[in-house]
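I have placed the structure first, in the form of structure tokens, so that the comments after it can refer back to it.
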Number of protein chains: 2
Amino acid sequence: MDFMITTATEADGPQIQSITASTGVFNQEEVDSVGVMWTEYLTLGSDDSGYHFLAYRDGDRVLGFAIYGPRELTDRVFDLYWIAVDPTAQCKGVGRNLLTASEEAVRAMGGRMLIAETSGTPYYEPARKFYFAMGYENEAMIKDFYTPGDDLMIFIKRI
Amino acid sequence: MDFMITTATEADGPQIQSITASTGVFNQEEVDSVGVMWTEYLTLGSDDSGYHFLAYRDGDRVLGFAIYGPRELTDRVFDLYWIAVDPTAQCKGVGRNLLTASEEAVRAMGGRMLIAETSGTPYYEPARKFYFAMGYENEAMIKDFYTPGDDLMIFIKRI
């Protein structure tokens with residue numbers, strides 16, 4: 001595949017929002033949260049918003065995106081807020097390439113740790129397998145965090 | 001002691017900021033973060049800022065404060081962002097009363113879980129003992145989170 005991963009620009013907004021909505025995994029509040037981050041990213045920039053957006057492109061199409069940023073009150077720890085891939089482009093390494101690019105960007109900013117929070121439900125088993133395969137460890141868990149029966153799983157990679 | 005715990009009002013700002021700075025436990029970034037929350041609380045209100053401030057008063061003096069608010073993307077989980085007590089008023093139950101009042105307020109809003117994040121360093125041993133004594137469990141830990149050698153300890157109470 002001939003692809004490029006670059007900083008997301010204003011024109012990518014509709015495709016990013018549409019990918020988020022179309023995965024079928026995220027609820028409305030989660031979809032809306034991407035919109036809020038996107039608006040802050042566009043209006044304030046990466047440094048002031050704390051949100052860095054990467055877009056995975058195949059020609060004019062955006063096939064996936066990642067959002068990461070520094071965790072407040074920590075020394076060089078970064079949150080991986082989102083990785084989402086267009087449902088029609090799954091299993092082609094889009095997520096893997098986006099995560100690797102995010103890690104490289106975080107390393108270039110001096111980051112020493114990446115945190116990815118995900119859910120413990122069966123729906124998110126692919127996400128958990130993905131993080132394990134990418135070298136993350138499930139270092140902490142909070143039972144019933146998202147809803148009763150839906151645990152928080154904190155995945156960590158020290159880079 | 002004759003005290004009152006109420007919602008904090010604009011006039012409490014200087015005392016809240018001064019308590020935060022005078023505890024000697026928090027670094028400048030942490031002290032500043034209280035200022036940011038305070039400004040959002042005053043300008044947007046509790047609901048839109050997501051920050052609820054309680055002040056512990058003895059006459060005109062504010063002896064301590066607590067900040068809590070709903071955790072985004074969760075169902076009825078609340079973060080306890082801050083509890084701080086004036087160094088001249090320690091060990092008199094100010095923190096205990098503030099935490100109890102925060103829990104009651106969270107319960108009244110339908111909350112089912114409170115999360116308090118603190119540090120694993122010796123400096124924070126009183127804080128950790130305090131949470132244990134108040135019925136919290138240390139359910140999760142992330143090594144080297146704040147800085148190398150300074151772990152994140154996540155305390156949880158299900159209410």
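Following the order of the structure tokens, first chain is A, next is B, and so on, with residues numbered from 1 inside each chain and ligands from 1 in the order they appear.
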
If you count only C-alpha atoms, which residues fall within 7 Å of stretch 2-11 of chain B, apart from same-chain ones fewer than 2 positions away, as a PDB file with C-alpha atoms, in the first residue's frame?
ATOM      1  CA  GLY B  13     -10.073  32.517  45.594  1.00  0.00           C
ATOM      2  CA  LEU B  42     -15.873  30.887  38.310  1.00  0.00           C
ATOM      3  CA  PHE B  53     -15.262  23.451  44.775  1.00  0.00           C
ATOM      4  CA  LEU B  54     -16.065  23.057  48.460  1.00  0.00           C
ATOM      5  CA  ALA B  55     -14.571  25.369  51.089  1.00  0.00           C
ATOM      6  CA  TYR B  56     -14.163  24.562  54.766  1.00  0.00           C
ATOM      7  CA  ARG B  57     -14.723  27.751  56.761  1.00  0.00           C
ATOM      8  CA  ASP B  58     -14.048  28.782  60.320  1.00  0.00           C
TER       9      ASP B  58
END

Determine, for each residue of chain A having at least one atom at most 9 Å from an atom of chain B, the closest pair of atoms and their separation in Å to one decimal, counting only C-alpha atoms; order by chain and ascending number, as CSV.
residue,atom,partner,partner_atom,distance
A:Glu29,CA,B:Leu73,CA,6.6
A:Glu30,CA,B:Leu73,CA,6.5
A:Ser33,CA,B:Leu73,CA,8.5
A:Glu72,CA,B:Glu29,CA,8.7
A:Leu73,CA,B:Glu30,CA,6.5
A:Thr74,CA,B:Tyr146,CA,4.3
A:Asp75,CA,B:Thr147,CA,5.2
A:Arg76,CA,B:Thr147,CA,7.9
A:Val77,CA,B:Phe145,CA,7.1
A:Met113,CA,B:Phe145,CA,8.2
A:Glu139,CA,B:Ile142,CA,6.7
A:Ala140,CA,B:Ala140,CA,5.2
A:Met141,CA,B:Ala140,CA,6.2
A:Ile142,CA,B:Glu139,CA,6.7
A:Lys143,CA,B:Glu139,CA,8.7
A:Phe145,CA,B:Thr74,CA,6.6
A:Tyr146,CA,B:Thr74,CA,4.3
A:Thr147,CA,B:Asp75,CA,5.1
A:Pro148,CA,B:Asp75,CA,8.1
A:Ile154,CA,B:Ile142,CA,8.9
A:Ile156,CA,B:Ile142,CA,8.5

Write the residues you've just listed into a file as a compact mmCIF listing (two decimals), in the first residue's frame, and include N, CA and C atoms for each of them.
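Printed below is result-v7.txt as written:
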# COMPACT_ATOMS: atom_id res chain seq x y z
N GLU A 29 -21.02 9.90 23.20
CA GLU A 29 -20.19 10.80 24.01
C GLU A 29 -18.72 10.68 23.59
N GLU A 30 -18.30 9.46 23.25
CA GLU A 30 -16.92 9.26 22.82
C GLU A 30 -16.69 9.90 21.45
N SER A 33 -16.35 13.52 21.83
CA SER A 33 -15.10 13.97 22.45
C SER A 33 -14.00 14.16 21.41
N GLU A 72 -0.86 15.89 31.81
CA GLU A 72 -0.60 16.98 32.75
C GLU A 72 -0.03 16.46 34.07
N LEU A 73 0.79 17.26 34.68
CA LEU A 73 1.35 16.99 36.01
C LEU A 73 2.35 15.83 36.01
N THR A 74 2.71 15.33 34.84
CA THR A 74 3.72 14.28 34.80
C THR A 74 4.95 14.78 34.07
N ASP A 75 6.04 14.06 34.29
CA ASP A 75 7.29 14.33 33.61
C ASP A 75 7.40 13.41 32.39
N ARG A 76 7.11 13.92 31.21
CA ARG A 76 7.34 13.23 29.93
C ARG A 76 6.51 11.94 29.74
N VAL A 77 5.30 11.96 30.30
CA VAL A 77 4.36 10.87 30.05
C VAL A 77 3.32 11.38 29.04
N MET A 113 7.07 7.56 28.31
CA MET A 113 6.01 6.57 28.59
C MET A 113 4.75 6.94 27.81
N GLU A 139 -0.85 -2.72 32.82
CA GLU A 139 -0.25 -2.56 34.15
C GLU A 139 -1.27 -2.23 35.24
N ALA A 140 -2.45 -1.79 34.86
CA ALA A 140 -3.42 -1.44 35.90
C ALA A 140 -4.84 -1.62 35.37
N MET A 141 -5.76 -1.80 36.30
CA MET A 141 -7.15 -2.07 35.94
C MET A 141 -8.05 -1.47 37.01
N ILE A 142 -9.14 -0.87 36.61
CA ILE A 142 -10.15 -0.43 37.58
C ILE A 142 -11.49 -1.04 37.17
N LYS A 143 -11.97 -1.87 38.07
CA LYS A 143 -13.20 -2.62 37.81
C LYS A 143 -14.40 -1.67 37.73
N PHE A 145 -15.27 0.66 35.75
CA PHE A 145 -14.93 2.07 35.59
C PHE A 145 -15.88 2.78 34.61
N TYR A 146 -15.97 2.28 33.40
CA TYR A 146 -16.79 2.99 32.40
C TYR A 146 -18.28 2.88 32.75
N THR A 147 -18.70 1.66 33.01
CA THR A 147 -20.04 1.38 33.53
C THR A 147 -19.90 0.14 34.40
N PRO A 148 -20.92 -0.19 35.22
CA PRO A 148 -20.84 -1.45 35.95
C PRO A 148 -20.67 -2.59 34.95
N ILE A 154 -5.55 -0.18 31.74
CA ILE A 154 -4.52 0.81 31.41
C ILE A 154 -3.31 0.09 30.82
N ILE A 156 0.45 0.30 29.10
CA ILE A 156 1.63 1.18 29.23
C ILE A 156 2.75 0.67 28.33

If we count only C-alpha atoms, what is near A:Ser46 at a cut-off of 12 Å, once residues fewer than 2 positions away on the same chain are taken out, given as an mmCIF file with C-alpha atoms, in the first residue's frame?
data_model
loop_
_atom_site.group_PDB
_atom_site.id
_atom_site.type_symbol
_atom_site.label_atom_id
_atom_site.label_comp_id
_atom_site.auth_asym_id
_atom_site.auth_seq_id
_atom_site.Cartn_x
_atom_site.Cartn_y
_atom_site.Cartn_z
ATOM 1 C CA THR A 7 0.016 15.875 10.880
ATOM 2 C CA ALA A 8 -3.714 16.277 10.304
ATOM 3 C CA THR A 9 -4.910 19.477 8.650
ATOM 4 C CA MET A 37 -10.365 17.701 20.711
ATOM 5 C CA TRP A 38 -10.328 18.441 16.994
ATOM 6 C CA THR A 39 -11.770 21.937 17.485
ATOM 7 C CA GLU A 40 -9.234 22.737 20.207
ATOM 8 C CA TYR A 41 -6.423 21.365 18.050
ATOM 9 C CA LEU A 42 -7.454 23.568 15.092
ATOM 10 C CA THR A 43 -8.062 26.736 17.073
ATOM 11 C CA LEU A 44 -5.215 26.547 19.604
ATOM 12 C CA ASP A 48 -1.666 24.899 23.573
ATOM 13 C CA SER A 49 -4.446 22.353 23.138
ATOM 14 C CA GLY A 50 -2.264 19.430 24.214
ATOM 15 C CA TYR A 51 -3.662 17.358 21.316
ATOM 16 C CA HIS A 52 -1.533 16.088 18.452
ATOM 17 C CA PHE A 53 -3.403 14.570 15.485
ATOM 18 C CA LEU A 54 -1.835 12.243 12.943
ATOM 19 C CA ILE A 67 -4.451 11.517 18.864
ATOM 20 C CA TYR A 68 -1.827 11.785 21.574
ATOM 21 C CA GLY A 69 -0.564 14.447 23.937
ATOM 22 C CA PRO A 70 1.376 15.087 27.150
#

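Comparing the minimum interatomic distances between A:Thr23 and each of A:Met109, A:Ala84, A:Ala127, A:Ile159, counting only C-alpha atoms, we find that A:Ala84 sits nearest.
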
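A straight line drawn from atom CA of B:Tyr131 to atom CA of B:Ala116 is 8.3 Å long.
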